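The block underneath contains the structure these notes are about, expressed in structure tokens.
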Amino acid sequence: MPDDPWVLAGDGAVPATCLRHARHLARQGQPLLALAWMERAARQAPDDPRVRFALAAARLGAGDGAGAADAAEAVLAGQESRAGLRLLVLACCMARDWTRAVPVLERFLTGYGFDPALSVAAGLVCRHAGWPGWCALDARGTLHWGGLPAGCVPDIWLGGRPFAAPRQSGACAMALPRSGSGAVEVRHAGQLLLGGRPERTALARVAGAVLPGDDGLAGWACLPAQPERAPVLYLCDDRGRRELALHRTEGAAHGSPAGPAMPVWGFDLKWDEIAPQGSVRVTFADGRDLTGSPLPVRLPRARPVFPAMRMRDRAAAPMPRPAGRCRIVVPVYADCAGTLACLKSVMETCLAPDCGPAVEIMVVDDATPDAGLATALDALAARGRIILRRHDANRGYPAAINTALDDATGMDVVLLNSDTLVAPGWLGEMRRVAYARADTGTVSPLSNDASILTWPDPSRPAPLSGGMERVRALMAASLRASGGRDVEIPTAHGFCMLIRHDCLARTGPFRPELYGRGYGEENDFSMRARLAGWRHRAALGVFVGHVGGVSFGATRKALQQRNLWVLNRLFPGYDALVQAHVAADPLAAGRLRLSLLVWHRAARQAGVNGAVLLVTHGGAGGVARVVAARARRWAAAGLLPVVLEPEDGGFRLRDGREDAPCPPLRFAWPAQAGVLVTFLQALDLRQIEIHHHMGHGPRARELCAMLGVPYMVHVHDYAGICPRVTLVGPAGRYCGEPGPAACRACVGSLGSLVGETDVARLRRDTARELAGARHVVVPSADVATRLARYFPAVPCHVAALEDDRPDQSLRQFAAAVTTAPASGLPPPTGRYRVVVAGGIGPEKGHGVLLAAARDARVRDLALEFVVVGHTSDDAPLLETGRVFMTGPYGPADAIGLLRGCGGHVGFVPSVCPETWCFTLTQLWRAGLRGVAFDLGAVAARIHATGRGTCVPLGLPVHQLNTFLLSYARQACS
């Protein structure tokens with residue numbers, strides 16, 4: 001492996017036991033088994049980039065070049081790093097994917113320089129991809145090359161002029177002048193070498209940030225192209241300039257965005273170690289400031305802001321005359337395509353003759369490094385489409401705004417990020433809200449990503465999908481749903497913010513001296529305006545699309561933390577003000593109105609002929625699988641599937657279609673019962689399917705009664721007769737369904753999982769519901785027989801959830817699915833392997849599996865277990881040394897994982913009467929005969945198909961293991 005991934009991967013997000021196994025096995029020379037444990041870690045923490053990096057390295061060590069490349073690319077998609085690029089190059093070479101290797105190696109050589117570990121790989125890439133050779137600079141300015149004929153020296157140009165210097169015979173390196181020579185270009189026989197235009201500035205680049213806190217300053221820095229080398233940082237205060245002591249740390253530190261395998265160098269300073277006059281700086285050796293520096297330490301006088309603060313009565317003042325002119329200000333820096341798309345949408349909606357007061361578009365070019373963007377802005381300015389102002393150096397967002405505010409006296413000003421899209425009607429509606437009240441200072445719209453202004457869910461900002469067409473549709477819907485309506489908010493949002501001319505005149509410009517390059521400056525403006533008596537409002541009739549998170553890149557988090565610290569010290573109570581707004585959520589009604597209209601329009605456009613309501617518990621597992629299948633069936637029949645799930649104090653409705661064009665809806669119960677009923681009736685609700693009441697309490701039944709629509713009941717478990725759901729009693733296995741007294745004792749001992757502790761009342765409620773259903777659907781005859789004991793007058797319709805094809809042999813049944821076996825699973829050990837699938841909790845047989853694994857270890861049986869899935873308690877199973885768990889998996893991966901296990905027999909250890917069991921089908925599809933206890937639908941299916949055998953429930957573990965061992969041997973014979 002190119003790096004030791006184990007010291008880089010995982011912390012609390014991944015079980016330490018899993019990583020401990022992987023580390024030990026890798027160092028013991030068992031790469032295949034180490035890979036299996038890393039695959040498991042990656043399934044447990046799929047979003048942890050350090051784990052993904054370790055997985056890529058483990059795959060490379062196990063000889064899986066293509067898999068290592070895929071994992072490395074997933075890491076690099078989040079953040080580029082030297083180690084990640086190097087690993088990807090090696091993986092591509094192992095997979096002999098030369099086309100894929102070329103751009104990666106090019107990026108490494110030009111941006112990260114010479115690495116001896118890649119010399120051989122670079123030569124292979126050049127040879128197979130048709131390049132004359134490769135070259136790269138190192139940190140000392142020496143040019144290295146390879147892949148050329150022996151003794152050959154490439155042609156070198158510096159600043160467009162040929163360069164030659166003496167070199168030692170046979171060497172493949174040459175020292176270049178370190179400065180003042182211009183761009184470097186390296187060729188051979190007229191052809192550019194791979195890496196032939198090295199980026200000198202990239203090789204010397206540094207990154208870092210400084211963050212203030214209550215105790216002092218903390219920060220980090222690194223040299224991305226030379227990660228092992230410590231940067232030099234200086235603290236500058238009124239004591240002068242002195243070097244900081246740094247400590248090395250792996251991974252993120254003090255908000256560092258450092259990627260996997262990139263060490264960063266951190267520092268911590270107490271306030272009593274700093275002697276600032278007005279500000280303090282932390283700089284690199286060349287004098288450039290880290291992100292967040294300079295930091296204003298002696299701030300202006302704090303002015304408290306409280307949630308219930310009494311504001312000046314500006315609302316009673318006479319309404320000022322609307323400004324005759326409006327200036328839309330768009331600061332720009334990068335992202336040429338996105339910026340031009342934003343400007344196009346603004347020009348199309350604001351420069352037409354019917355757009356109202358005179359509107360001008362001012363673009364402030366904050367020294368963009370993109371020559372194409374600069375040229376495009378010049379062209380727009382030359383055509384009179386925009387007013388262009390340009391900074392000679394990058395000064396940051398607040399300074400760019402102030403450039404545009406310098407001569408905006410008497411104008412309303414709209415601040416608009418360059419990563420936004422606007423649609424017809426947006427500006428007129430914002431101005432209408434701005435002048436509806438005398439005390440309105442700023443107006444902000446709804447968006448897909450705008451913190452408290454986010455629709456449909458402020459806690460889940462969403463990417464802007466659908467582009468301009470989607471923005472137009474949502475703008476039109478917002479105007480229809482809430483035109484003219486507004487809600488007071490604690491602060492404006494700078495992504496799109498109208499400032500009324502009189503508020504601007506009273507409050508003054510932004511303060512770049514406090515907020516540096518940006519973040520928090522509009523909140524500072526909002527607080528100053530608020531203290532002067534102005535209010536901030538959200539225009540519910542406006543929707544503006546926002547890409548979000550583009551500005552500032554990897555330094556975004558550091559800037560946010562730094563400026564929030566400043567903001568809270570200038571305005572004590574700011575956080576409480578925002579939190580009070582979030583708790584009250586006065587925008588909820590407006591968001592709901594928009595969502596309801598989006599639902600109705602989407603249903604109309606899709607041409608659906610009514611709706612079906614599917615009531616479920618909202619969890620995963622077999623119920624969710626059936627609900628998804630039923631939703632697909634109803635959608636194919638031209639009906640809209642609406643899934644009803646429990647939410648704290650109410651319901652969550654979601655679009656059950658696979659593309660799910662409609663946003664989730666939330667309704668409080670009973671406060672919004674009338675709205676919910678009216679909404680469902682407006683969708684022309686035809687039928688209700690009740691799949692589960694878990695989490696709903698009595699609410700779902702109350703709603704169904706109010707709707708008065710025919711309903712069906714689908715039975716998935718025994719929650720309607722057993723408060724414990726699974727008919728598993730205190731003994732930890734099937735209770736045998738004793739009388740009421742024993743059931744009451746069981747619930748009294750173990751508690752209820754359905755919210756109802758009175759067994760008799762639970763069964764009475766279930767009886768009424770089943771009696772009123774149009775159909776009661778059960779997945780197996782075993783379930784119908786069991787329910788008949790309690791509800792003999794209720795007929796059950798048996799509808800198997802899958803086609804078992806009992807006429808087919810196991811081989812024929814498995815051959816119907818062509819999924820290839822997955823890699824990255826434990827290699828053969830010489831033992832017979834028993835495979836268990838799914839999530840294994842107590843009712844699913846965790847205790848049985850643990851006892852079997854311990855017995856296999858104690859008796860040293862040639863028997864081991866692989867769980868394709870996860871368990872309720874991994875640790876004791878791992879301690880036996882006879883169990884491996886893959887970790888959670890997606891439905892599409894199940895068969896491949898089961899086939900890749902190299903198992904000899906499948907085992908369903910459930911100690912409850914299953915109503916169906918999808919994992920049994922998966923075992924069969926993988927070609928494994930199933931062993932299960934002679935109980936419930938699992939046993940009935942095995943008996944009907946002959947694809948396995950059943951053993952008595954309660955069989956002693958030593959007899960169970962002896963049987964499994966014998967049955968596995970038979971499968972191999």
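Here, A, B, ... name the chains of the structure tokens in the order displayed, residue numbers run from 1 inside each chain, and ligands are numbered from 1 in the same displayed order.
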message: Which residues are close to range 739-747 of chain A, i.e. within 12 Å by only C-alpha atoms, leaving aside same-chain residues fewer than 4 positions away? Reply as a list in words.
response: Ile721, Cys722, Pro723, Arg724, Val725, Leu727, Val728, Gly729, Pro730, Ala731, Gly732, Cys735, Gly751, Ser752, Leu753, Val754, Gly755, Glu756, Thr757, Asp758, Val759, Ala760, Arg761, Leu762, Arg763, Arg789 and Tyr790 of chain A
- request: Mind listing the strand (DSSP E or B) residues of range 574-659 of chain A, per DSSP on the backbone, as a PyMOL selection string?
  value: chain A and resi 611-615+640-647+650-655
task: Can you work out which one of A:Val715, A:Ala101, A:Val363, A:Leu194 has the shortest atom-to-atom distance to Val783 in chain A, counting only C-alpha atoms?
output: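 Closest to Val783 in chain A, using only C-alpha atoms: A:Val715.
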task: May I have the residues within 7 Å of His546 in chain A as a PyMOL selection string, using only C-alpha atoms and disregarding those fewer than 5 positions away in the same chain?
output: chain A and resi 419-421+447-449+464
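Using only C-alpha atoms, the smallest distance between any of A:Ala45, A:Val305, A:Ala476, A:Ala358 and Ser526 in chain A comes from A:Val305.
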message: Which residues are near Leu801 in chain A? Cut-off 12 Å, only C-alpha atoms, ignore same chain within fewer than 2 positions. Put them as a PyMOL selection string.
response: chain A and resi 622-623+625-627+629-630+714-716+777-780+798-799+803-804+915-918+921+937+941
Write a file of the selected residues as a short mmCIF file (atom, residue, chain, number, x, y, z; two decimals), in the first residue's frame, keeping N, CA and C atoms.
```cif
data_model
loop_
_atom_site.label_atom_id
_atom_site.label_comp_id
_atom_site.auth_asym_id
_atom_site.auth_seq_id
_atom_site.Cartn_x
_atom_site.Cartn_y
_atom_site.Cartn_z
N GLY A 622 -38.80 -4.87 5.76
CA GLY A 622 -39.75 -5.46 4.84
C GLY A 622 -40.97 -4.61 4.58
N VAL A 623 -41.47 -3.90 5.60
CA VAL A 623 -42.65 -3.05 5.40
C VAL A 623 -42.34 -1.96 4.38
N ARG A 625 -40.18 -2.03 2.07
CA ARG A 625 -40.03 -2.64 0.75
C ARG A 625 -41.39 -2.88 0.10
N VAL A 626 -42.33 -3.36 0.88
CA VAL A 626 -43.67 -3.63 0.34
C VAL A 626 -44.36 -2.31 -0.02
N VAL A 627 -44.24 -1.30 0.85
CA VAL A 627 -44.86 -0.01 0.57
C VAL A 627 -44.30 0.58 -0.72
N ALA A 629 -43.08 -1.07 -3.25
CA ALA A 629 -43.61 -1.86 -4.37
C ALA A 629 -45.07 -1.48 -4.66
N ARG A 630 -45.85 -1.29 -3.61
CA ARG A 630 -47.25 -0.90 -3.81
C ARG A 630 -47.34 0.49 -4.44
N HIS A 714 -52.99 -4.28 5.14
CA HIS A 714 -51.93 -5.23 4.81
C HIS A 714 -51.21 -5.60 6.11
N VAL A 715 -51.19 -6.87 6.44
CA VAL A 715 -50.59 -7.33 7.69
C VAL A 715 -49.15 -7.75 7.42
N HIS A 716 -48.22 -7.13 8.15
CA HIS A 716 -46.79 -7.44 7.97
C HIS A 716 -46.18 -8.10 9.19
N VAL A 777 -55.20 -8.23 3.74
CA VAL A 777 -54.22 -8.95 2.93
C VAL A 777 -53.09 -9.43 3.83
N VAL A 778 -52.78 -10.73 3.75
CA VAL A 778 -51.69 -11.31 4.52
C VAL A 778 -50.72 -11.99 3.56
N PRO A 779 -49.43 -12.09 3.93
CA PRO A 779 -48.46 -12.63 2.98
C PRO A 779 -48.38 -14.15 2.91
N SER A 780 -48.96 -14.85 3.91
CA SER A 780 -48.85 -16.32 3.89
C SER A 780 -50.03 -16.95 4.61
N VAL A 798 -54.78 -14.16 1.06
CA VAL A 798 -53.36 -14.48 1.05
C VAL A 798 -52.75 -14.05 -0.27
N ALA A 799 -51.76 -13.18 -0.20
CA ALA A 799 -51.04 -12.71 -1.39
C ALA A 799 -49.55 -12.74 -1.10
N ASP A 803 -42.71 -14.49 -5.70
CA ASP A 803 -43.03 -15.77 -6.33
C ASP A 803 -41.90 -16.75 -6.03
N ASP A 804 -42.17 -17.72 -5.16
CA ASP A 804 -41.16 -18.69 -4.77
C ASP A 804 -40.86 -19.72 -5.86
N THR A 915 -43.61 -13.47 9.11
CA THR A 915 -44.78 -13.46 8.23
C THR A 915 -44.39 -13.66 6.77
N TRP A 916 -43.12 -13.38 6.43
CA TRP A 916 -42.62 -13.69 5.08
C TRP A 916 -41.13 -13.98 5.09
N CYS A 917 -40.26 -12.99 5.18
CA CYS A 917 -38.80 -13.09 5.23
C CYS A 917 -38.18 -12.97 3.83
N PHE A 918 -37.88 -11.73 3.45
CA PHE A 918 -37.22 -11.48 2.17
C PHE A 918 -35.80 -12.04 2.14
N THR A 921 -35.44 -15.44 0.56
CA THR A 921 -35.40 -15.39 -0.90
C THR A 921 -34.01 -15.02 -1.38
N ALA A 937 -43.85 -18.51 8.53
CA ALA A 937 -43.85 -18.55 7.07
C ALA A 937 -42.53 -19.06 6.51
N ARG A 941 -42.43 -21.97 3.72
CA ARG A 941 -41.85 -21.77 2.39
C ARG A 941 -40.77 -22.81 2.11
#
```
task: From the DSSP assignment of the backbone, select every residue of range 213-394 of chain A that is alpha helix (DSSP H), and format the answer as a PyMOL selection string.
output: chain A and resi 336-350+371-382
Create the file for the chosen residues now, containing C-alpha atoms and written as a tab-separated table (two decimals), in the first residue's frame.
```tsv
chain	number	residue	atom	x	y	z
A	336	CYS	CA	-17.88	31.82	-15.35
A	337	ALA	CA	-20.80	29.63	-16.48
A	338	GLY	CA	-22.78	30.08	-13.28
A	339	THR	CA	-22.15	33.82	-13.13
A	340	LEU	CA	-23.25	34.39	-16.73
A	341	ALA	CA	-26.37	32.27	-16.17
A	342	CYS	CA	-27.21	34.45	-13.15
A	343	LEU	CA	-26.70	37.67	-15.10
A	344	LYS	CA	-28.77	36.36	-18.00
A	345	SER	CA	-31.69	35.62	-15.66
A	346	VAL	CA	-31.41	39.10	-14.10
A	347	MET	CA	-31.26	40.87	-17.44
A	348	GLU	CA	-34.22	38.93	-18.83
A	349	THR	CA	-36.38	39.75	-15.81
A	350	CYS	CA	-35.33	43.30	-14.97
A	371	ALA	CA	-9.89	35.69	-18.21
A	372	GLY	CA	-12.95	34.32	-19.98
A	373	LEU	CA	-15.28	35.74	-17.33
A	374	ALA	CA	-13.53	39.11	-17.43
A	375	THR	CA	-13.90	39.25	-21.23
A	376	ALA	CA	-17.58	38.33	-21.04
A	377	LEU	CA	-18.22	41.07	-18.47
A	378	ASP	CA	-16.44	43.60	-20.64
A	379	ALA	CA	-18.69	42.65	-23.55
A	380	LEU	CA	-21.86	43.04	-21.48
A	381	ALA	CA	-20.69	46.41	-20.23
A	382	ALA	CA	-19.85	47.56	-23.75
```
query: range 656-672 of chain A: which residues within 6 Å, counting only C-alpha atoms, same-chain residues fewer than 4 positions away excluded, as a list in words?
result: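 Here the qualifying residues turn out to be Trp599, Ala631, Pro641, Val642, Val643, Gly649, Gly650, Phe651 and Arg652 of chain A.
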query: Excluding same-chain residues fewer than 2 positions from Gly483 in chain A, what lies within 8 Å of it counting only C-alpha atoms, as JSON, numbers by chain?
result: {"A": [429, 478, 479, 480, 481, 485, 540, 541, 542]}
For those residues, write N, CA and C atoms to a file as a PDB file, in the first residue's frame.
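And here's out05.pdb as it stands now:
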```
ATOM      1  N   GLU A 429     -42.267  41.777  -6.855  1.00  0.00           N
ATOM      2  CA  GLU A 429     -42.853  41.279  -5.610  1.00  0.00           C
ATOM      3  C   GLU A 429     -42.022  41.684  -4.401  1.00  0.00           C
ATOM      4  N   SER A 478     -44.861  30.260  -6.045  1.00  0.00           N
ATOM      5  CA  SER A 478     -44.754  31.108  -4.847  1.00  0.00           C
ATOM      6  C   SER A 478     -45.642  32.333  -4.965  1.00  0.00           C
ATOM      7  N   LEU A 479     -45.624  32.954  -6.138  1.00  0.00           N
ATOM      8  CA  LEU A 479     -46.443  34.150  -6.335  1.00  0.00           C
ATOM      9  C   LEU A 479     -47.926  33.814  -6.235  1.00  0.00           C
ATOM     10  N   ARG A 480     -48.290  32.653  -6.776  1.00  0.00           N
ATOM     11  CA  ARG A 480     -49.698  32.252  -6.712  1.00  0.00           C
ATOM     12  C   ARG A 480     -50.103  31.896  -5.284  1.00  0.00           C
ATOM     13  N   ALA A 481     -49.219  31.216  -4.576  1.00  0.00           N
ATOM     14  CA  ALA A 481     -49.568  30.742  -3.236  1.00  0.00           C
ATOM     15  C   ALA A 481     -49.531  31.847  -2.193  1.00  0.00           C
ATOM     16  N   ARG A 485     -47.703  38.403   0.573  1.00  0.00           N
ATOM     17  CA  ARG A 485     -47.553  38.011   1.986  1.00  0.00           C
ATOM     18  C   ARG A 485     -46.088  38.096   2.401  1.00  0.00           C
ATOM     19  N   LEU A 540     -42.770  35.879   0.898  1.00  0.00           N
ATOM     20  CA  LEU A 540     -43.191  34.497   0.667  1.00  0.00           C
ATOM     21  C   LEU A 540     -43.607  34.254  -0.777  1.00  0.00           C
ATOM     22  N   GLY A 541     -43.856  35.314  -1.516  1.00  0.00           N
ATOM     23  CA  GLY A 541     -44.254  35.156  -2.904  1.00  0.00           C
ATOM     24  C   GLY A 541     -43.091  35.143  -3.876  1.00  0.00           C
ATOM     25  N   VAL A 542     -41.865  35.052  -3.372  1.00  0.00           N
ATOM     26  CA  VAL A 542     -40.678  35.067  -4.234  1.00  0.00           C
ATOM     27  C   VAL A 542     -39.831  33.839  -3.944  1.00  0.00           C
TER      28      VAL A 542
END
```
- prompt: Taking only C-alpha atoms into account, which of A:Leu351, A:Val329, A:Leu269, A:Met497 comes nearest Asp365 in chain A?
  reply: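 Checking each candidate against Asp365 in chain A, we get A:Val329 as the closest.
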task: Would you list the contacts of range 64-74 of chain A as a PyMOL selection string, taking every protein, DNA or RNA residue within 6 Å and counting only C-alpha atoms, but skipping same-chain residues closer than 2 positions in sequence?
output: chain A and resi 56+59-60+62+76-77+88+91+94-95
Deliver the residues from the most recent selection as a file, using N, CA and C atoms, as a PDB file, in the first residue's frame.
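Contents of the output file selection11.pdb:
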```pdb
ATOM      1  N   ALA A  56      -9.694   2.441  -0.285  1.00  0.00           N
ATOM      2  CA  ALA A  56      -8.981   2.452  -1.563  1.00  0.00           C
ATOM      3  C   ALA A  56      -7.590   1.845  -1.412  1.00  0.00           C
ATOM      4  N   ARG A  59      -7.921  -1.938  -1.008  1.00  0.00           N
ATOM      5  CA  ARG A  59      -8.201  -2.595  -2.287  1.00  0.00           C
ATOM      6  C   ARG A  59      -6.945  -2.678  -3.144  1.00  0.00           C
ATOM      7  N   LEU A  60      -6.151  -1.617  -3.114  1.00  0.00           N
ATOM      8  CA  LEU A  60      -4.906  -1.638  -3.875  1.00  0.00           C
ATOM      9  C   LEU A  60      -3.978  -2.718  -3.327  1.00  0.00           C
ATOM     10  N   ALA A  62      -4.813  -5.397  -1.924  1.00  0.00           N
ATOM     11  CA  ALA A  62      -5.358  -6.719  -2.225  1.00  0.00           C
ATOM     12  C   ALA A  62      -5.353  -7.028  -3.717  1.00  0.00           C
ATOM     13  N   LEU A  76     -11.578  11.790  -3.860  1.00  0.00           N
ATOM     14  CA  LEU A  76     -11.139  13.017  -4.532  1.00  0.00           C
ATOM     15  C   LEU A  76     -12.309  13.898  -4.940  1.00  0.00           C
ATOM     16  N   ALA A  77     -13.489  13.298  -5.115  1.00  0.00           N
ATOM     17  CA  ALA A  77     -14.660  14.099  -5.451  1.00  0.00           C
ATOM     18  C   ALA A  77     -14.997  15.065  -4.322  1.00  0.00           C
ATOM     19  N   LEU A  88      -4.714   7.045  -6.702  1.00  0.00           N
ATOM     20  CA  LEU A  88      -5.516   6.818  -7.900  1.00  0.00           C
ATOM     21  C   LEU A  88      -4.630   6.475  -9.097  1.00  0.00           C
ATOM     22  N   ALA A  91      -3.595   2.902  -8.677  1.00  0.00           N
ATOM     23  CA  ALA A  91      -4.726   2.006  -8.912  1.00  0.00           C
ATOM     24  C   ALA A  91      -5.017   1.863 -10.401  1.00  0.00           C
ATOM     25  N   MET A  94      -2.463  -0.427 -11.867  1.00  0.00           N
ATOM     26  CA  MET A  94      -2.729  -1.827 -11.534  1.00  0.00           C
ATOM     27  C   MET A  94      -3.858  -2.375 -12.398  1.00  0.00           C
ATOM     28  N   ALA A  95      -4.868  -1.531 -12.670  1.00  0.00           N
ATOM     29  CA  ALA A  95      -5.997  -1.961 -13.504  1.00  0.00           C
ATOM     30  C   ALA A  95      -5.674  -1.851 -14.995  1.00  0.00           C
TER      31      ALA A  95
END
```
